$ cat run.tsv   # TSV, C-alpha atoms
chain	number	residue	atom	x	y	z
W	136	MET	CA	-0.60	-79.94	-14.20
W	137	ILE	CA	-0.88	-82.02	-17.33
W	138	LEU	CA	-2.79	-80.33	-20.06
W	139	PRO	CA	-5.32	-82.49	-21.87
W	140	TYR	CA	-3.61	-81.83	-25.23
W	141	ALA	CA	-0.05	-82.46	-23.95
W	142	ASN	CA	1.94	-85.38	-25.36
W	143	ASN	CA	5.55	-86.52	-25.89
W	144	LYS	CA	5.70	-86.04	-29.64
W	145	GLY	CA	8.06	-83.06	-29.39
W	146	PHE	CA	10.46	-84.91	-27.07
W	147	PHE	CA	12.28	-86.65	-29.88
W	148	SER	CA	12.56	-83.47	-31.95
W	149	VAL	CA	13.99	-81.37	-29.10
W	150	GLN	CA	16.53	-84.03	-28.19
W	151	PHE	CA	17.47	-84.49	-31.81
W	152	ILE	CA	18.03	-80.77	-32.35
W	153	LEU	CA	20.23	-80.55	-29.24
W	154	ILE	CA	22.32	-83.54	-30.18
W	155	PHE	CA	22.51	-82.48	-33.80
W	156	GLY	CA	23.81	-79.08	-32.62
W	157	VAL	CA	26.51	-80.66	-30.45
W	158	LEU	CA	27.59	-82.94	-33.29
W	159	MET	CA	27.73	-80.01	-35.68
W	160	ILE	CA	29.96	-78.11	-33.26
W	161	LEU	CA	32.26	-81.15	-32.98
W	162	LEU	CA	32.34	-81.56	-36.75
W	163	PHE	CA	33.10	-77.88	-37.12
W	164	GLY	CA	35.94	-78.20	-34.62
W	165	PHE	CA	37.46	-81.22	-36.37
W	166	SER	CA	37.20	-79.55	-39.75
W	167	PHE	CA	38.89	-76.45	-38.45
W	168	ILE	CA	41.72	-78.46	-36.92
W	169	SER	CA	42.22	-80.05	-40.36
W	170	PHE	CA	42.19	-76.61	-41.94
W	171	VAL	CA	44.86	-75.33	-39.56
W	172	ALA	CA	47.03	-78.40	-40.17
W	173	GLN	CA	46.61	-78.00	-43.92
W	174	ALA	CA	47.43	-74.29	-43.74
W	175	LYS	CA	50.57	-75.02	-41.73
W	176	MET	CA	51.76	-77.64	-44.20
W	177	GLN	CA	51.03	-75.36	-47.10
W	178	PHE	CA	53.08	-72.56	-45.54
W	179	ARG	CA	56.02	-74.86	-44.84
W	180	SER	CA	55.95	-76.25	-48.36
W	181	VAL	CA	55.84	-72.84	-50.08
W	182	CYS	CA	58.32	-71.37	-47.61
W	183	LEU	CA	60.92	-74.12	-48.05
W	184	THR	CA	60.62	-74.29	-51.84
W	185	GLU	CA	60.73	-70.54	-52.40
W	186	SER	CA	63.51	-70.00	-49.84
W	187	ALA	CA	65.64	-72.66	-51.52
W	188	ASN	CA	65.01	-71.12	-54.94
W	189	LEU	CA	65.95	-67.65	-53.74
W	190	GLN	CA	69.05	-68.92	-51.96
W	191	LYS	CA	70.19	-70.61	-55.17
W	192	LYS	CA	69.65	-67.40	-57.13
W	193	ILE	CA	71.71	-65.42	-54.61
W	194	ILE	CA	74.49	-67.98	-54.78
W	195	SER	CA	74.40	-67.77	-58.57
W	196	PHE	CA	74.97	-63.98	-58.36
W	197	GLU	CA	77.80	-64.48	-55.89
W	198	ARG	CA	79.42	-67.05	-58.13
W	199	GLN	CA	79.32	-64.60	-61.02
W	200	LEU	CA	80.95	-61.99	-58.80
W	201	PHE	CA	83.66	-64.34	-57.55
W	202	LEU	CA	84.42	-65.48	-61.11
W	203	LEU	CA	85.50	-61.93	-61.83
W	204	ASN	CA	88.12	-62.10	-59.06
W	205	ALA	CA	90.65	-63.65	-61.46
W	206	LEU	CA	90.22	-60.73	-63.88
W	207	SER	CA	90.36	-58.25	-61.01
W	208	THR	CA	93.66	-59.75	-59.80
W	209	ALA	CA	95.11	-59.82	-63.32
W	210	LEU	CA	94.23	-56.16	-63.91
W	211	ASP	CA	95.68	-55.21	-60.53
W	212	ILE	CA	98.99	-56.93	-61.36
W	213	GLN	CA	99.07	-55.32	-64.83
W	214	TYR	CA	98.35	-51.95	-63.22
W	215	LYS	CA	101.23	-52.30	-60.75
W	216	ILE	CA	103.65	-53.40	-63.51
W	217	ALA	CA	102.57	-50.52	-65.78
W	218	LEU	CA	102.84	-48.06	-62.90
W	219	ALA	CA	106.38	-49.26	-62.16
W	220	ALA	CA	107.27	-48.74	-65.81
W	221	VAL	CA	106.20	-45.08	-65.73
W	222	GLY	CA	109.33	-44.03	-63.83
W	223	PRO	CA	110.07	-40.58	-62.37
W	224	PRO	CA	108.12	-37.53	-63.70
W	225	PRO	CA	107.35	-36.68	-66.42
W	226	GLY	CA	107.34	-40.45	-66.87
W	227	ASN	CA	107.33	-42.84	-69.77
W	228	ALA	CA	104.54	-41.75	-72.13
W	229	ALA	CA	103.78	-45.27	-73.40
W	230	ALA	CA	103.63	-46.61	-69.83
W	231	LEU	CA	101.32	-43.73	-68.80
W	232	ILE	CA	98.98	-44.61	-71.67
W	233	ARG	CA	99.08	-48.25	-70.57
W	234	VAL	CA	98.23	-47.25	-66.97
W	235	ALA	CA	95.27	-45.20	-68.23
W	236	GLN	CA	94.09	-48.11	-70.42
W	237	ILE	CA	94.23	-50.52	-67.48
W	238	GLN	CA	92.35	-48.07	-65.28
W	239	VAL	CA	89.61	-47.83	-67.89
W	240	GLN	CA	89.36	-51.64	-67.84
W	241	GLN	CA	89.26	-51.59	-64.05
W	242	PHE	CA	86.46	-49.02	-64.06
W	243	ARG	CA	84.53	-51.20	-66.51
W	244	LEU	CA	85.08	-54.22	-64.30
W	245	ALA	CA	84.00	-52.28	-61.20
W	246	ARG	CA	80.81	-51.27	-63.04
W	247	ILE	CA	80.10	-54.92	-63.86
W	248	GLN	CA	80.79	-55.94	-60.24
W	249	ARG	CA	78.49	-53.24	-58.88
W	250	GLY	CA	75.91	-54.23	-61.50
W	251	ILE	CA	75.93	-57.84	-60.27
W	252	ILE	CA	75.57	-56.74	-56.64
W	253	THR	CA	72.75	-54.31	-57.48
W	254	ALA	CA	70.96	-56.92	-59.62
W	255	GLY	CA	71.34	-59.42	-56.77
W	256	LYS	CA	69.90	-57.00	-54.21
W	257	THR	CA	66.99	-56.09	-56.50
W	258	MET	CA	66.29	-59.75	-57.19
W	259	ILE	CA	66.25	-60.48	-53.43
W	260	ILE	CA	63.75	-57.69	-52.74
W	261	THR	CA	61.40	-58.65	-55.60
W	262	ASP	CA	61.63	-62.34	-54.79
W	263	LEU	CA	60.83	-61.78	-51.10
W	264	ILE	CA	57.82	-59.64	-52.03
W	265	ALA	CA	56.62	-62.23	-54.57
W	266	THR	CA	56.90	-65.07	-52.05
W	267	LYS	CA	55.10	-63.08	-49.35
W	268	ALA	CA	52.32	-62.43	-51.87
W	269	LYS	CA	52.21	-66.11	-52.78
W	270	ILE	CA	51.87	-67.17	-49.12
W	271	HIS	CA	49.17	-64.51	-48.65
W	272	THR	CA	47.22	-65.75	-51.68
W	273	LYS	CA	47.43	-69.40	-50.62
W	274	THR	CA	46.31	-68.59	-47.07
W	275	ARG	CA	43.46	-66.43	-48.37
W	276	GLU	CA	42.27	-69.24	-50.65
W	277	LEU	CA	42.15	-71.63	-47.70
W	278	SER	CA	40.57	-69.10	-45.33
W	279	SER	CA	37.84	-68.08	-47.75
W	280	PHE	CA	36.12	-71.41	-47.12
W	281	TRP	CA	35.72	-70.43	-43.44
W	282	ALA	CA	34.88	-66.77	-44.03
W	283	VAL	CA	31.23	-67.27	-43.05
W	284	TYR	CA	32.09	-68.46	-39.52
W	285	LEU	CA	35.59	-67.21	-38.88
W	286	GLY	CA	37.50	-64.01	-39.15
W	287	THR	CA	41.14	-64.60	-39.99
W	288	VAL	CA	44.09	-62.24	-39.76
W	289	TYR	CA	47.44	-63.29	-41.06
W	290	SER	CA	50.74	-61.67	-41.85
W	291	VAL	CA	53.93	-62.80	-43.50
W	292	ASP	CA	57.28	-61.29	-42.60
W	293	ALA	CA	60.49	-61.89	-44.45
W	294	PHE	CA	63.94	-61.83	-42.89
W	295	ARG	CA	66.19	-59.05	-44.22
W	296	THR	CA	68.24	-61.20	-46.54
W	297	GLU	CA	71.38	-59.67	-48.02
W	298	MET	CA	74.09	-60.73	-50.40
W	299	ALA	CA	76.86	-61.48	-47.92
W	300	VAL	CA	79.81	-60.22	-49.96
W	301	ARG	CA	82.52	-57.70	-49.23
W	302	PRO	CA	85.62	-56.41	-51.06
W	303	ARG	CA	88.72	-58.42	-50.15
W	304	THR	CA	91.25	-56.06	-51.73
W	305	SER	CA	91.47	-52.33	-52.23
W	306	GLY	CA	91.52	-50.57	-55.56
W	307	ILE	CA	89.10	-49.61	-58.29
W	308	ALA	CA	87.85	-53.14	-59.00
W	309	PRO	CA	88.55	-55.20	-55.89
W	310	ASN	CA	88.32	-58.94	-55.36
W	311	TYR	CA	85.17	-59.98	-53.53
W	312	GLU	CA	84.70	-62.61	-50.85
W	313	LEU	CA	81.98	-63.90	-48.56
W	314	LYS	CA	81.53	-62.14	-45.25
W	315	PRO	CA	82.57	-64.29	-42.26
W	316	ASP	CA	78.98	-64.41	-40.95
W	317	TYR	CA	77.51	-65.04	-44.39
W	318	LYS	CA	75.20	-67.82	-43.17
W	319	ALA	CA	73.31	-65.50	-40.84
W	320	ILE	CA	73.31	-62.50	-43.19
W	321	GLN	CA	72.20	-64.47	-46.24
W	322	THR	CA	69.50	-66.50	-44.52
W	323	VAL	CA	66.23	-66.56	-46.38
W	324	ALA	CA	63.46	-66.86	-43.82
W	325	TYR	CA	59.76	-66.22	-43.55
W	326	ASN	CA	57.50	-65.94	-40.56
W	327	TRP	CA	53.80	-66.60	-40.87
W	328	GLN	CA	51.43	-65.39	-38.20
W	329	PHE	CA	47.86	-66.53	-38.26
W	330	LYS	CA	45.05	-65.44	-35.99
W	331	TYR	CA	41.45	-66.59	-36.15
W	332	PHE	CA	38.36	-65.65	-34.21
W	333	THR	CA	34.72	-66.62	-34.48
W	334	LYS	CA	32.52	-63.93	-35.98
W	335	PRO	CA	29.88	-62.24	-33.75
W	336	GLU	CA	27.06	-64.35	-35.27
W	337	SER	CA	29.01	-67.59	-34.66
W	338	GLN	CA	30.02	-66.55	-31.13
W	339	LYS	CA	26.50	-67.42	-29.99
W	340	VAL	CA	27.42	-71.05	-30.65
W	341	VAL	CA	31.20	-71.13	-30.26
W	342	ASP	CA	33.36	-68.31	-28.99
W	343	SER	CA	36.91	-69.08	-29.91
W	344	GLN	CA	40.05	-67.30	-30.92
W	345	ASN	CA	43.61	-68.38	-31.26
W	346	ALA	CA	46.87	-67.39	-32.87
W	347	PHE	CA	49.99	-69.21	-33.93
W	348	SER	CA	53.09	-68.49	-35.90
W	349	LEU	CA	55.47	-70.57	-37.96
W	350	SER	CA	58.86	-69.90	-39.43
W	351	CYS	CA	61.15	-71.59	-41.86
W	352	ALA	CA	64.59	-70.61	-43.00
W	353	ILE	CA	67.23	-71.75	-45.44
W	354	GLN	CA	70.87	-70.89	-45.05
W	355	PRO	CA	73.73	-71.26	-47.51
W	356	ASP	CA	76.74	-73.38	-46.71
W	357	ARG	CA	80.04	-73.18	-48.58
W	358	LYS	CA	82.81	-75.69	-48.17
W	359	ASP	CA	85.73	-74.84	-50.48
W	360	ASP	CA	83.90	-74.15	-53.72
W	361	LEU	CA	80.97	-76.46	-53.03
W	362	TRP	CA	77.72	-74.83	-52.07
W	363	SER	CA	74.76	-76.48	-50.40
W	364	LEU	CA	71.67	-75.40	-48.51
W	365	GLU	CA	70.69	-76.03	-44.91
W	366	ILE	CA	67.15	-76.02	-43.57
W	367	GLN	CA	66.67	-74.20	-40.29
W	368	LYS	CA	63.33	-74.50	-38.56
W	369	ASP	CA	61.82	-71.91	-36.25
W	370	LYS	CA	65.07	-70.18	-35.44
W	371	TYR	CA	64.37	-66.75	-36.83
W	372	PHE	CA	62.15	-63.87	-35.83
H	291	MET	CA	-3.84	-95.20	-23.06
H	292	ASN	CA	-0.90	-92.78	-23.47
H	293	GLN	CA	2.31	-92.40	-25.49
H	294	LYS	CA	4.79	-93.01	-22.67
H	295	GLY	CA	5.85	-96.30	-24.17
H	296	GLN	CA	6.47	-94.69	-27.52
H	297	ALA	CA	8.57	-91.96	-25.93
H	298	MET	CA	10.65	-94.59	-24.13
H	299	ILE	CA	11.28	-96.52	-27.34
H	300	GLU	CA	12.22	-93.29	-29.08
H	301	SER	CA	14.57	-92.46	-26.23
H	302	VAL	CA	16.23	-95.87	-26.44
H	303	ILE	CA	16.64	-95.51	-30.21
H	304	LEU	CA	17.97	-92.01	-29.78
H	305	LEU	CA	20.35	-93.07	-27.03
H	306	THR	CA	21.70	-95.83	-29.24
H	307	ILE	CA	22.17	-93.46	-32.15
H	308	CYS	CA	23.83	-90.93	-29.85
H	309	THR	CA	26.19	-93.53	-28.42
H	310	VAL	CA	27.22	-94.80	-31.84
H	311	VAL	CA	27.60	-91.33	-33.31
H	312	SER	CA	29.50	-90.06	-30.24
H	313	ALA	CA	31.84	-93.03	-30.40
H	314	THR	CA	32.41	-92.37	-34.10
H	315	PHE	CA	33.08	-88.71	-33.41
H	316	ILE	CA	35.50	-89.48	-30.61
H	317	GLN	CA	37.30	-91.92	-32.87
H	318	LEU	CA	37.35	-89.32	-35.62
H	319	GLY	CA	38.83	-86.81	-33.18
H	320	LEU	CA	41.50	-89.24	-32.03
H	321	HIS	CA	42.25	-90.16	-35.61
H	322	LEU	CA	42.57	-86.52	-36.57
H	323	PHE	CA	44.76	-85.74	-33.57
H	324	SER	CA	47.12	-88.66	-34.22
H	325	GLU	CA	47.29	-87.78	-37.94
H	326	ILE	CA	48.32	-84.22	-37.09
H	327	VAL	CA	50.98	-85.44	-34.67
H	328	VAL	CA	52.31	-88.03	-37.15
H	329	GLU	CA	52.20	-85.53	-40.02
H	330	ASP	CA	54.36	-83.16	-37.98
H	331	LEU	CA	56.82	-85.94	-37.15
H	332	LEU	CA	56.82	-86.98	-40.80
H	333	GLU	CA	57.69	-83.47	-41.87
H	334	GLN	CA	60.67	-83.40	-39.50
H	335	THR	CA	61.77	-86.76	-40.88
H	336	LEU	CA	61.45	-85.58	-44.50
H	337	ILE	CA	63.63	-82.56	-43.75
H	338	CYS	CA	66.08	-84.84	-41.96
H	339	LYS	CA	66.20	-87.10	-45.06
H	340	LEU	CA	66.66	-84.17	-47.45
H	341	GLN	CA	69.61	-82.98	-45.37
H	342	LYS	CA	71.18	-86.43	-45.82
H	343	GLN	CA	71.26	-87.02	-42.08
H	344	THR	CA	71.40	-90.53	-40.74
H	345	ASP	CA	68.92	-92.53	-38.66
H	346	CYS	CA	65.98	-90.34	-39.70
H	347	THR	CA	63.49	-93.20	-39.96
H	348	ALA	CA	64.80	-94.82	-36.78
H	349	LYS	CA	64.23	-91.55	-34.91
H	350	LEU	CA	60.70	-91.39	-36.33
H	351	LYS	CA	59.99	-94.94	-35.16
H	352	ASN	CA	61.27	-94.13	-31.67
H	353	LYS	CA	59.11	-91.02	-31.45
H	354	LEU	CA	56.03	-92.96	-32.55
H	355	HIS	CA	56.76	-95.65	-29.96
H	356	ASP	CA	57.12	-92.90	-27.34
H	357	LEU	CA	53.57	-91.84	-28.23
H	358	ASN	CA	52.46	-95.40	-27.44
H	359	TYR	CA	51.66	-96.22	-31.04
H	360	THR	CA	52.04	-99.90	-31.77
H	361	SER	CA	52.75	-101.91	-34.92
H	362	VAL	CA	54.69	-99.01	-36.35
H	363	ASN	CA	55.87	-99.63	-39.87
H	364	VAL	CA	57.93	-97.04	-41.72
H	365	VAL	CA	58.57	-97.44	-45.43
H	366	ASP	CA	61.17	-95.13	-46.89
H	367	ARG	CA	60.57	-94.45	-50.58
H	368	SER	CA	62.99	-91.54	-50.87
H	369	HIS	CA	65.24	-91.06	-53.83
H	370	SER	CA	67.71	-88.31	-54.79
H	371	ASP	CA	65.97	-84.97	-54.15
H	372	MET	CA	62.64	-86.37	-53.06
H	373	ALA	CA	61.95	-87.60	-49.56
H	374	LYS	CA	58.90	-89.85	-49.39
H	375	ILE	CA	57.87	-91.83	-46.34
H	376	LEU	CA	54.92	-94.04	-45.60
H	377	VAL	CA	53.97	-94.69	-41.97
H	378	GLN	CA	51.50	-97.25	-40.74
H	379	TRP	CA	50.60	-97.41	-37.08
H	380	ASN	CA	48.07	-98.57	-34.54
H	381	SER	CA	46.96	-96.26	-31.77
H	382	SER	CA	44.66	-98.84	-30.19
H	383	SER	CA	43.64	-102.42	-30.76
H	384	THR	CA	40.78	-101.34	-33.02
H	385	TYR	CA	42.22	-98.40	-34.82
H	386	SER	CA	45.00	-98.40	-37.38
H	387	ALA	CA	46.07	-95.74	-39.80
H	388	ALA	CA	48.53	-94.96	-42.54
H	389	LEU	CA	49.94	-91.72	-43.76
H	390	GLU	CA	52.27	-90.95	-46.63
H	391	SER	CA	54.07	-87.69	-47.07
H	392	GLU	CA	56.64	-86.39	-49.50
H	393	LEU	CA	58.81	-83.33	-49.89
H	394	SER	CA	60.82	-82.47	-52.95
H	395	LEU	CA	63.63	-80.04	-52.39
H	396	ASP	CA	67.02	-79.95	-54.03
H	397	LEU	CA	69.49	-78.70	-51.43
H	398	THR	CA	72.52	-79.03	-53.67
H	399	VAL	CA	73.72	-76.02	-55.58
H	400	ARG	CA	75.16	-76.75	-58.97

$ encode --input "run.tsv" --output "structure tokens"
Amino acid sequence: MILPYANNKGFFSVQFILIFGVLMILLFGFSFISFVAQAKMQFRSVCLTESANLQKKIISFERQLFLLNALSTALDIQYKIALAAVGPPPGNAAALIRVAQIQVQQFRLARIQRGIITAGKTMIITDLIATKAKIHTKTRELSSFWAVYLGTVYSVDAFRTEMAVRPRTSGIAPNYELKPDYKAIQTVAYNWQFKYFTKPESQKVVDSQNAFSLSCAIQPDRKDDLWSLEIQKDKYF
Amino acid sequence: MNQKGQAMIESVILLTICTVVSATFIQLGLHLFSEIVVEDLLEQTLICKLQKQTDCTAKLKNKLHDLNYTSVNVVDRSHSDMAKILVQWNSSSTYSAALESELSLDLTVR
């Protein structure tokens, strides 16, 4: 039955609202795809830059440690010569004093060596925490734009990077060298996991959730005394 | 007299607008999709360049051709520690795009 006051004036409006809604959903989708792409690129950029910086710092500590190997060797030789000069008990008094002096120097050197290793380890821990915080902050800044429509959960994990050094000789202040598997041990790597879901209010229009993760890693490479860095993608975690 | 004619004209106008807008949106979607794909390929190429590997741009060109992109032009503007590449491509007869990406990373340890 056609009512006497019925007309088609609302037809345009209803159609327009429907189409406008569909276009808005499409626009929303495209914008979010751009956001995800931007977030990924941002992670990779920060991850690569910070990993390379940390790797260089670790190498710098290792170089300092290896530079002391010459002194360690020299003290070891002096110690053996002085010990040989002591002779049978009660021993040569001057040589015994010399042995004690060298041992004091060796203890000092060992303290410096341990200090470098400890400083290196501390630097690694603080640097990893700082980079994780930086990635968190950058992701939060990007996500805040979408906070009205989307809930986002993200986490950043760091690979357990270590200074890959070990004593090469015995004694109070040994020589140090790189561990055979130094590349794997000293890898600096981060994993970024990102999950998004539409908030309950937005689910009436679009119900979507997804998760993805990205990794980047930088390894050291030493050929003779020349160091360089290698980028490894998505091979950790 | 009624307003059926008016409704029909409105529908035609609306249909035209919808068609044009939908086409634009589809093109926008395709553009966005191809940019994301090319951006990812560009990133791999930049890393390849930074690691001083060979044939990085040639590999990029091949991958773009595999994706059926035509008129692919790759301009390598890299120098020392900065890899910078410009890519221009066509994904259809009517649509062409360009994307430039750079990555600065010093992989040498002094």

$ residues_around --input "run.tsv" --residues "Ala293 in chain W" --least-positions-apart "2" --cutoff "8 Å" --atoms "only C-alpha atoms" --output "JSON, numbers by chain"
{"W": [263, 267, 291, 295, 323, 324, 325, 326]}

$ residues_around --input "run.tsv" --residues "Ile375 in chain H" --least-positions-apart "5" --cutoff "9 Å" --atoms "all atoms listed in the file" --output "list of chain:residue names"
H:Leu332, H:Thr335, H:Leu336, H:Thr347, H:Val364, H:Val365, H:Asp366, H:Arg367, H:Ser368, H:Leu389, H:Glu390, H:Ser391, H:Glu392

$ closest_residue --input "run.tsv" --among "H:Arg400, H:Lys374, H:His355, H:Lys339" --to "chain W" --atoms "all atoms listed in the file"
H:Arg400

$ interface_residues --input "run.tsv" --of "chain H" --to "chain W" --cutoff "6 Å" --atoms "all atoms listed in the file" --output "list in words"
Leu397, Thr398 and Val399 of chain H

$ residues_around --input "run.tsv" --residues "Met298 in chain W" --least-positions-apart "2" --cutoff "12 Å" --atoms "all atoms listed in the file" --output "ChimeraX atom specification"
/W:189-198,200,251-260,295-296,300-301,311-314,316-323,354-355

$ residues_around --input "run.tsv" --residues "Ser324 in chain H" --least-positions-apart "6" --cutoff "10 Å" --atoms "all atoms listed in the file" --output "list in words"
Leu318, Asp330, Leu357, Tyr359, Trp379, Asn380, Ser381 and Ala387 of chain H

$ closest_residue --input "run.tsv" --among "W:Glu336, W:Glu276, W:Asp359, W:Asp211" --to "Ile237 in chain W" --atoms "only C-alpha atoms"
W:Asp211
